[in-house]
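Let me begin by presenting the structure, written as C-alpha cells, before commenting on it.
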Amino acid sequence: MILTVTMNPSVDISYPLEEFNLDTVNRVAKVSKTPGGKGLNVTRVLKQLDDEVVATGLIGGALGTDIQKKLSKKGIKNDFFEISGETRNCIAILHEGNQTEILEKGPIITKSESENFLKHFEELVKNENTKIIAISGSLPDGLETDYYSKMIGICEKYGKPVVLDCSGKALVEVLENEHKPKVIKPNTEELSQLIGKDVSKNPDELKEVLKDKLFENIEWIIVSLGADGAFAKHNDKFYKVNVPKIEVVNPVGSGDSTVAGITSAIHENANDEDLLRKANVLGMLNAMEKLTGFVNLERYEELFGKIEVVNL
C-alpha cells in the first residue's frame with residue numbers, strides 16, 4: 001500500500017470564462033470543484049494506476065468534509081486527521097488562454113494538532129501494509145519548518161521509504177537533517193535556490209551540482225526539465241531522460257503525476273530505466289489533459305516506448 005500525505009489540501013475551484021473583466025460582474029456557466037493539493041493529485045493518479053493507496057493529511061470544517069466525501073465517492077481510501085481550522089479554497093480563473101489563481105493561505109495549525117497528527121501519522125506508517133510514503137506540497141501555518149524532517153524520521157524508524165516533493169525552507173531543513181527521504185524531485189529553479197546560484201539544464205553542470213554535499217545520502221534525485229525531460233542521479237549513477245514532443249493542454253499537476261510514477265515504480269521494484277520512463281510518461285499524460293491529476297492510460301505504452309534513458 002502507498003500512503004500519500006497532503007498537509008495543506010484545498011478545494012480547487014475552476015471558473016472558465018471566455019473573457020475576464022475587472023471591476024465588474026463575471027458570470028460563470030460551468031464550475032468545477034475538486035479535492036486539491038499536490039498530494040491529492042498524486043493520489044488520484046495512483047488510483048488510476050490501480051495501486052492501493054490511502055490519503056492522509058490535515059483537514060477541517062465543511063470543506064474538509066466535502067473533500068473526504070468526494071474522495072470516498074471515487075473509491076479513494078482516506079484517513080485524515082481533523083483540525084479545528086477550515087480547509088482552504090484555491091480558485092483558478094481560466095480566461096483567454098490564461099490562468100489567474102487566487103490561493104487562500106489555509107488554516108493555522110495549533111501545537112496540540114501538530115503533535116497529535118504525528119501520532120496519527122505514525123500509526124499509519126507502522127501498518128505492515130504501508131510500503132512507501134509520498135509527501136507533497138507546502139506546510140500550513142503553525143507547523144515548524146522541520147516538520148517534514150520529523151515525519152521522515154518516523155518513516156525511517158519503521159524502515160519505510162519516502163518520496164518527497166516540497167521546496168523552500170522545508171526542503172532545506174530536510175537536506176540538512178539526519179533523516180533523509182529516498183527521493184526528492186526539484187526543478188532547476190529550486191536547485192538554484194538551494195545552492196545559491198543559477199543552474200542550467202546542461203547535463204555536465206547538473207552532474208556537478210548533484211554531487212554537492214547538501215545532497216549526500218539522498219538515494220534518488222530526479223530533476224524536472226520540462227519539455228527537455230529530466231536529469232537523474234541514483235546513488236553514483238547519472239541519467240538523462242529524453243522525451244518526445246507532445247501537445248500540451250494543461251501542464252498543472254504534471255509534477256505531481258511524475259511523483260505518482262516514481263512512487264508506483266519504487267513500490268513495484270522497477271529498475272532505474274523503467275522508473276524514469278514511468279515517471280515521465282505520467283507527467284506527459286497529465287499535461288495532455290484538461291483536468292489536473294488525470295492521465296489517459298490508453299497512450300501509456302506508446303509514450304513509454306518513445307522515452308530514451310541515457311546512462312551518463
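Identifiers in the C-alpha cells: chain A, B, ... in order shown; residue index from 1 per chain; ligand index from 1 in order shown.
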List the neighbours of stretch 272-282 of chain A out to 7 Å using only C-alpha atoms; skip same-chain residues closer than 2 positions along the sequence, and give me the result as a compact mmCIF listing (two decimals) with N, CA, C and O atoms, in the first residue's frame.
# COMPACT_ATOMS: atom_id res chain seq x y z
N SER A 257 1.95 14.12 -11.07
CA SER A 257 1.79 12.85 -11.79
C SER A 257 3.14 12.14 -11.91
O SER A 257 3.20 10.91 -11.83
N THR A 258 4.21 12.92 -12.08
CA THR A 258 5.55 12.35 -12.10
C THR A 258 5.88 11.70 -10.76
O THR A 258 6.43 10.60 -10.70
N VAL A 259 5.54 12.38 -9.67
CA VAL A 259 5.75 11.82 -8.32
C VAL A 259 4.98 10.51 -8.16
O VAL A 259 5.49 9.54 -7.59
N GLY A 261 4.27 8.44 -10.51
CA GLY A 261 5.00 7.43 -11.28
C GLY A 261 6.24 6.93 -10.54
O GLY A 261 6.53 5.73 -10.53
N ILE A 262 6.98 7.86 -9.92
CA ILE A 262 8.17 7.48 -9.14
C ILE A 262 7.78 6.54 -8.01
O ILE A 262 8.38 5.48 -7.80
N ALA A 265 6.55 3.10 -9.20
CA ALA A 265 7.65 2.29 -9.73
C ALA A 265 8.51 1.71 -8.60
O ALA A 265 8.92 0.55 -8.65
N ALA A 270 10.68 -1.53 -9.69
CA ALA A 270 11.11 -1.35 -11.08
C ALA A 270 12.60 -1.02 -11.14
O ALA A 270 13.18 -0.48 -10.19
N MET A 284 3.79 13.52 -18.68
CA MET A 284 3.38 13.93 -20.02
C MET A 284 1.88 13.71 -20.23
O MET A 284 1.18 14.58 -20.77
N LEU A 285 1.39 12.56 -19.79
CA LEU A 285 -0.04 12.26 -19.97
C LEU A 285 -0.92 13.27 -19.25
O LEU A 285 -1.98 13.65 -19.74
N ASN A 286 -0.48 13.72 -18.06
CA ASN A 286 -1.23 14.75 -17.34
C ASN A 286 -1.26 16.05 -18.12
O ASN A 286 -2.30 16.71 -18.20
N VAL A 295 -4.84 11.14 -16.05
CA VAL A 295 -4.00 10.63 -17.13
C VAL A 295 -4.81 9.66 -17.99
O VAL A 295 -5.60 8.87 -17.47
N TYR A 300 -0.33 5.23 -22.74
CA TYR A 300 0.81 4.96 -21.87
C TYR A 300 1.92 4.17 -22.59
O TYR A 300 3.08 4.60 -22.61
N LEU A 303 3.83 6.11 -25.44
CA LEU A 303 4.81 7.10 -24.99
C LEU A 303 5.97 6.46 -24.22
O LEU A 303 7.11 6.91 -24.32
N PHE A 304 5.66 5.41 -23.48
CA PHE A 304 6.69 4.69 -22.72
C PHE A 304 7.81 4.24 -23.66
O PHE A 304 9.00 4.35 -23.34
N ILE A 307 10.37 7.10 -24.91
CA ILE A 307 11.26 7.79 -23.97
C ILE A 307 12.63 7.13 -23.97
O ILE A 307 12.75 5.91 -23.89
N VAL A 309 16.29 6.79 -22.13
CA VAL A 309 17.04 6.98 -20.89
C VAL A 309 18.51 6.72 -21.18
O VAL A 309 18.89 5.59 -21.54
Applying 9 Å and only C-alpha atoms, which residues near A:Thr188 remain after dropping the ones on its own chain fewer than 5 positions away? List them as a PyMOL selection string.
chain A and resi 193+198-201+206+223-225
Atoms kept (all heavy atoms) for selection, written as a PDB file, in the first residue's frame:
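Dumped to selection-v7.pdb:
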ATOM      1  N   GLN A 193      17.840  27.851  -5.951  1.00  0.00           N
ATOM      2  CA  GLN A 193      17.559  28.404  -4.619  1.00  0.00           C
ATOM      3  C   GLN A 193      18.326  27.655  -3.529  1.00  0.00           C
ATOM      4  O   GLN A 193      18.809  28.254  -2.572  1.00  0.00           O
ATOM      5  CB  GLN A 193      16.053  28.328  -4.338  1.00  0.00           C
ATOM      6  CG  GLN A 193      15.226  29.256  -5.218  1.00  0.00           C
ATOM      7  CD  GLN A 193      13.734  28.993  -5.107  1.00  0.00           C
ATOM      8  OE1 GLN A 193      13.295  28.071  -4.413  1.00  0.00           O
ATOM      9  NE2 GLN A 193      12.931  29.789  -5.807  1.00  0.00           N
ATOM     10  N   ASP A 198      22.624  30.256 -10.103  1.00  0.00           N
ATOM     11  CA  ASP A 198      21.819  29.781 -11.225  1.00  0.00           C
ATOM     12  C   ASP A 198      22.267  28.395 -11.673  1.00  0.00           C
ATOM     13  O   ASP A 198      23.467  28.095 -11.709  1.00  0.00           O
ATOM     14  CB  ASP A 198      21.916  30.754 -12.404  1.00  0.00           C
ATOM     15  CG  ASP A 198      21.159  32.050 -12.142  1.00  0.00           C
ATOM     16  OD1 ASP A 198      20.316  32.052 -11.222  1.00  0.00           O
ATOM     17  OD2 ASP A 198      21.420  33.046 -12.837  1.00  0.00           O
ATOM     18  N   VAL A 199      21.291  27.563 -12.016  1.00  0.00           N
ATOM     19  CA  VAL A 199      21.572  26.214 -12.512  1.00  0.00           C
ATOM     20  C   VAL A 199      20.912  26.069 -13.878  1.00  0.00           C
ATOM     21  O   VAL A 199      19.724  26.336 -14.031  1.00  0.00           O
ATOM     22  CB  VAL A 199      21.025  25.138 -11.553  1.00  0.00           C
ATOM     23  CG1 VAL A 199      21.229  23.742 -12.136  1.00  0.00           C
ATOM     24  CG2 VAL A 199      21.677  25.242 -10.181  1.00  0.00           C
ATOM     25  N   SER A 200      21.684  25.659 -14.872  1.00  0.00           N
ATOM     26  CA  SER A 200      21.149  25.473 -16.221  1.00  0.00           C
ATOM     27  C   SER A 200      20.691  24.029 -16.404  1.00  0.00           C
ATOM     28  O   SER A 200      20.764  23.212 -15.475  1.00  0.00           O
ATOM     29  CB  SER A 200      22.224  25.806 -17.264  1.00  0.00           C
ATOM     30  OG  SER A 200      23.202  24.768 -17.312  1.00  0.00           O
ATOM     31  N   LYS A 201      20.242  23.702 -17.608  1.00  0.00           N
ATOM     32  CA  LYS A 201      19.818  22.339 -17.909  1.00  0.00           C
ATOM     33  C   LYS A 201      20.946  21.497 -18.490  1.00  0.00           C
ATOM     34  O   LYS A 201      20.733  20.354 -18.904  1.00  0.00           O
ATOM     35  CB  LYS A 201      18.634  22.375 -18.893  1.00  0.00           C
ATOM     36  CG  LYS A 201      17.379  23.015 -18.311  1.00  0.00           C
ATOM     37  CD  LYS A 201      16.238  23.007 -19.317  1.00  0.00           C
ATOM     38  CE  LYS A 201      14.971  23.640 -18.722  1.00  0.00           C
ATOM     39  NZ  LYS A 201      13.854  23.638 -19.698  1.00  0.00           N
ATOM     40  N   LEU A 206      24.647  19.890 -14.194  1.00  0.00           N
ATOM     41  CA  LEU A 206      23.741  19.233 -13.248  1.00  0.00           C
ATOM     42  C   LEU A 206      24.450  18.108 -12.489  1.00  0.00           C
ATOM     43  O   LEU A 206      24.228  17.905 -11.294  1.00  0.00           O
ATOM     44  CB  LEU A 206      22.515  18.684 -13.984  1.00  0.00           C
ATOM     45  CG  LEU A 206      21.506  19.730 -14.454  1.00  0.00           C
ATOM     46  CD1 LEU A 206      20.487  19.116 -15.400  1.00  0.00           C
ATOM     47  CD2 LEU A 206      20.779  20.348 -13.258  1.00  0.00           C
ATOM     48  N   VAL A 223      15.513  15.539 -11.371  1.00  0.00           N
ATOM     49  CA  VAL A 223      15.359  16.966 -11.676  1.00  0.00           C
ATOM     50  C   VAL A 223      14.466  17.130 -12.901  1.00  0.00           C
ATOM     51  O   VAL A 223      14.792  16.649 -13.985  1.00  0.00           O
ATOM     52  CB  VAL A 223      16.727  17.638 -11.931  1.00  0.00           C
ATOM     53  CG1 VAL A 223      16.544  19.131 -12.178  1.00  0.00           C
ATOM     54  CG2 VAL A 223      17.674  17.387 -10.758  1.00  0.00           C
ATOM     55  N   SER A 224      13.339  17.805 -12.727  1.00  0.00           N
ATOM     56  CA  SER A 224      12.420  18.057 -13.836  1.00  0.00           C
ATOM     57  C   SER A 224      13.013  19.113 -14.771  1.00  0.00           C
ATOM     58  O   SER A 224      13.465  20.161 -14.322  1.00  0.00           O
ATOM     59  CB  SER A 224      11.072  18.557 -13.299  1.00  0.00           C
ATOM     60  OG  SER A 224      10.548  17.653 -12.362  1.00  0.00           O
ATOM     61  N   LEU A 225      12.969  18.839 -16.077  1.00  0.00           N
ATOM     62  CA  LEU A 225      13.473  19.783 -17.074  1.00  0.00           C
ATOM     63  C   LEU A 225      12.384  20.193 -18.067  1.00  0.00           C
ATOM     64  O   LEU A 225      12.682  20.660 -19.165  1.00  0.00           O
ATOM     65  CB  LEU A 225      14.666  19.174 -17.834  1.00  0.00           C
ATOM     66  CG  LEU A 225      15.875  18.738 -16.993  1.00  0.00           C
ATOM     67  CD1 LEU A 225      16.923  18.089 -17.879  1.00  0.00           C
ATOM     68  CD2 LEU A 225      16.471  19.926 -16.240  1.00  0.00           C
TER      69      LEU A 225
END
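Proximity ranking of A:Ile184, A:Ala230, A:Leu118, A:Met288 relative to A:Gly153 places A:Leu118 first, based on only C-alpha atoms.
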Run DSSP on the backbone and give me the residues of stretch 169-271 of chain A it puts in alpha helix (DSSP H), as number ranges by chain.
A: 169-176, 188-195, 203-209, 254-267
Select from stretch 108-149 of chain A everything DSSP, run on the backbone, classes as strand (DSSP E or B), then give the selection as a ChimeraX atom specification.
/A:108,132-136,141
Give me the residues of stretch 267-295 of chain A that have any atom at most 6 Å from an atom of stretch 248-255 of chain A; for each, the nearest atom pair and the distance in Å, rounded to one decimal. Use only C-alpha atoms, sort by chain and number, and format it as JSON lines.
{"residue": "A:Gly283", "atom": "CA", "partner": "A:Ser254", "partner_atom": "CA", "distance": 4.4}
{"residue": "A:Asn286", "atom": "CA", "partner": "A:Ser254", "partner_atom": "CA", "distance": 5.3}
{"residue": "A:Ala287", "atom": "CA", "partner": "A:Pro251", "partner_atom": "CA", "distance": 4.2}
{"residue": "A:Met288", "atom": "CA", "partner": "A:Val249", "partner_atom": "CA", "distance": 5.0}
{"residue": "A:Glu289", "atom": "CA", "partner": "A:Val249", "partner_atom": "CA", "distance": 5.7}
{"residue": "A:Lys290", "atom": "CA", "partner": "A:Asn250", "partner_atom": "CA", "distance": 5.4}
{"residue": "A:Thr292", "atom": "CA", "partner": "A:Gly253", "partner_atom": "CA", "distance": 5.4}
{"residue": "A:Gly293", "atom": "CA", "partner": "A:Gly253", "partner_atom": "CA", "distance": 5.8}
A:Pro35 environment, 7 Å, only C-alpha atoms, sequence neighbours closer than 2 positions dropped, as a list in words
Ser10, Val11, Asp12, Leu40 and Ile67 of chain A
Output file for the selection above: C-alpha atoms, as a PDB file, in the first residue's frame:
ATOM      1  CA  SER A  10      -7.775  22.520  -0.721  1.00  0.00           C
ATOM      2  CA  VAL A  11     -10.991  22.568  -2.657  1.00  0.00           C
ATOM      3  CA  ASP A  12      -9.845  23.572  -6.148  1.00  0.00           C
ATOM      4  CA  LEU A  40      -4.181  14.536  -3.642  1.00  0.00           C
ATOM      5  CA  ILE A  67     -13.060  16.558   0.248  1.00  0.00           C
TER       6      ILE A  67
END
Using only C-alpha atoms for the distances, tell me which of A:Thr110, A:Thr145, A:Asn78, A:Asn26 is nearest to A:Ile93.
A:Asn26
Could you name the residues that touch A:Ile102 at 8 Å or less, counting only C-alpha atoms, but leaving out those on the same chain fewer than 6 positions away, as a PyMOL selection string?
chain A and resi 90-92
Hey, can you spit out that residue selection with N, CA, C and O atoms as a PDB file, in the first residue's frame?
ATOM      1  N   CYS A  90      -8.906  27.099  -3.299  1.00  0.00           N
ATOM      2  CA  CYS A  90      -7.953  27.641  -4.270  1.00  0.00           C
ATOM      3  C   CYS A  90      -8.716  27.846  -5.580  1.00  0.00           C
ATOM      4  O   CYS A  90      -9.282  26.893  -6.124  1.00  0.00           O
ATOM      5  N   ILE A  91      -8.738  29.080  -6.049  1.00  0.00           N
ATOM      6  CA  ILE A  91      -9.564  29.439  -7.212  1.00  0.00           C
ATOM      7  C   ILE A  91      -8.685  29.684  -8.439  1.00  0.00           C
ATOM      8  O   ILE A  91      -7.687  30.406  -8.359  1.00  0.00           O
ATOM      9  N   ALA A  92      -9.065  29.065  -9.541  1.00  0.00           N
ATOM     10  CA  ALA A  92      -8.384  29.290 -10.818  1.00  0.00           C
ATOM     11  C   ALA A  92      -9.395  29.859 -11.810  1.00  0.00           C
ATOM     12  O   ALA A  92     -10.440  29.250 -12.068  1.00  0.00           O
TER      13      ALA A  92
END
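The neighbours of A:Ser84 here are the residues that come within 12 Å of it, using only C-alpha atoms and leaving out any residue fewer than 3 positions away in the same chain; they are Leu58, Ile59, Gly60, Gly61, Ala62, Gly64, Phe81, Thr87, Gly106, Pro107, Ile108, Ile109, Thr110, Lys111, Ser112, Glu113 and Ser114 of chain A.
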Which one of A:Ile132, A:Leu22, A:Ile76, A:Leu171 sits closest to A:Tyr147 if you count only C-alpha atoms?
A:Leu171
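Residue nearest A:Gln99 within the list A:Val125, A:Ile135, A:Ala170, A:Leu17: A:Leu17 [criterion: smallest interatomic distance, only C-alpha atoms].
Nearest-residue note for A:Val243: choosing from A:Glu115, A:Glu104, A:Glu189, A:Asp228, the minimum distance belongs to A:Asp228, counting only C-alpha atoms.
Using only C-alpha atoms, the nearest neighbour of A:Gly97 within the list A:Pro186, A:Glu19, A:Ile154, A:Gly137 is A:Glu19.
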Separating atom CA of A:Ser32 from atom CA of A:Tyr15, to the nearest tenth of an Å, is a gap of 7.1 Å
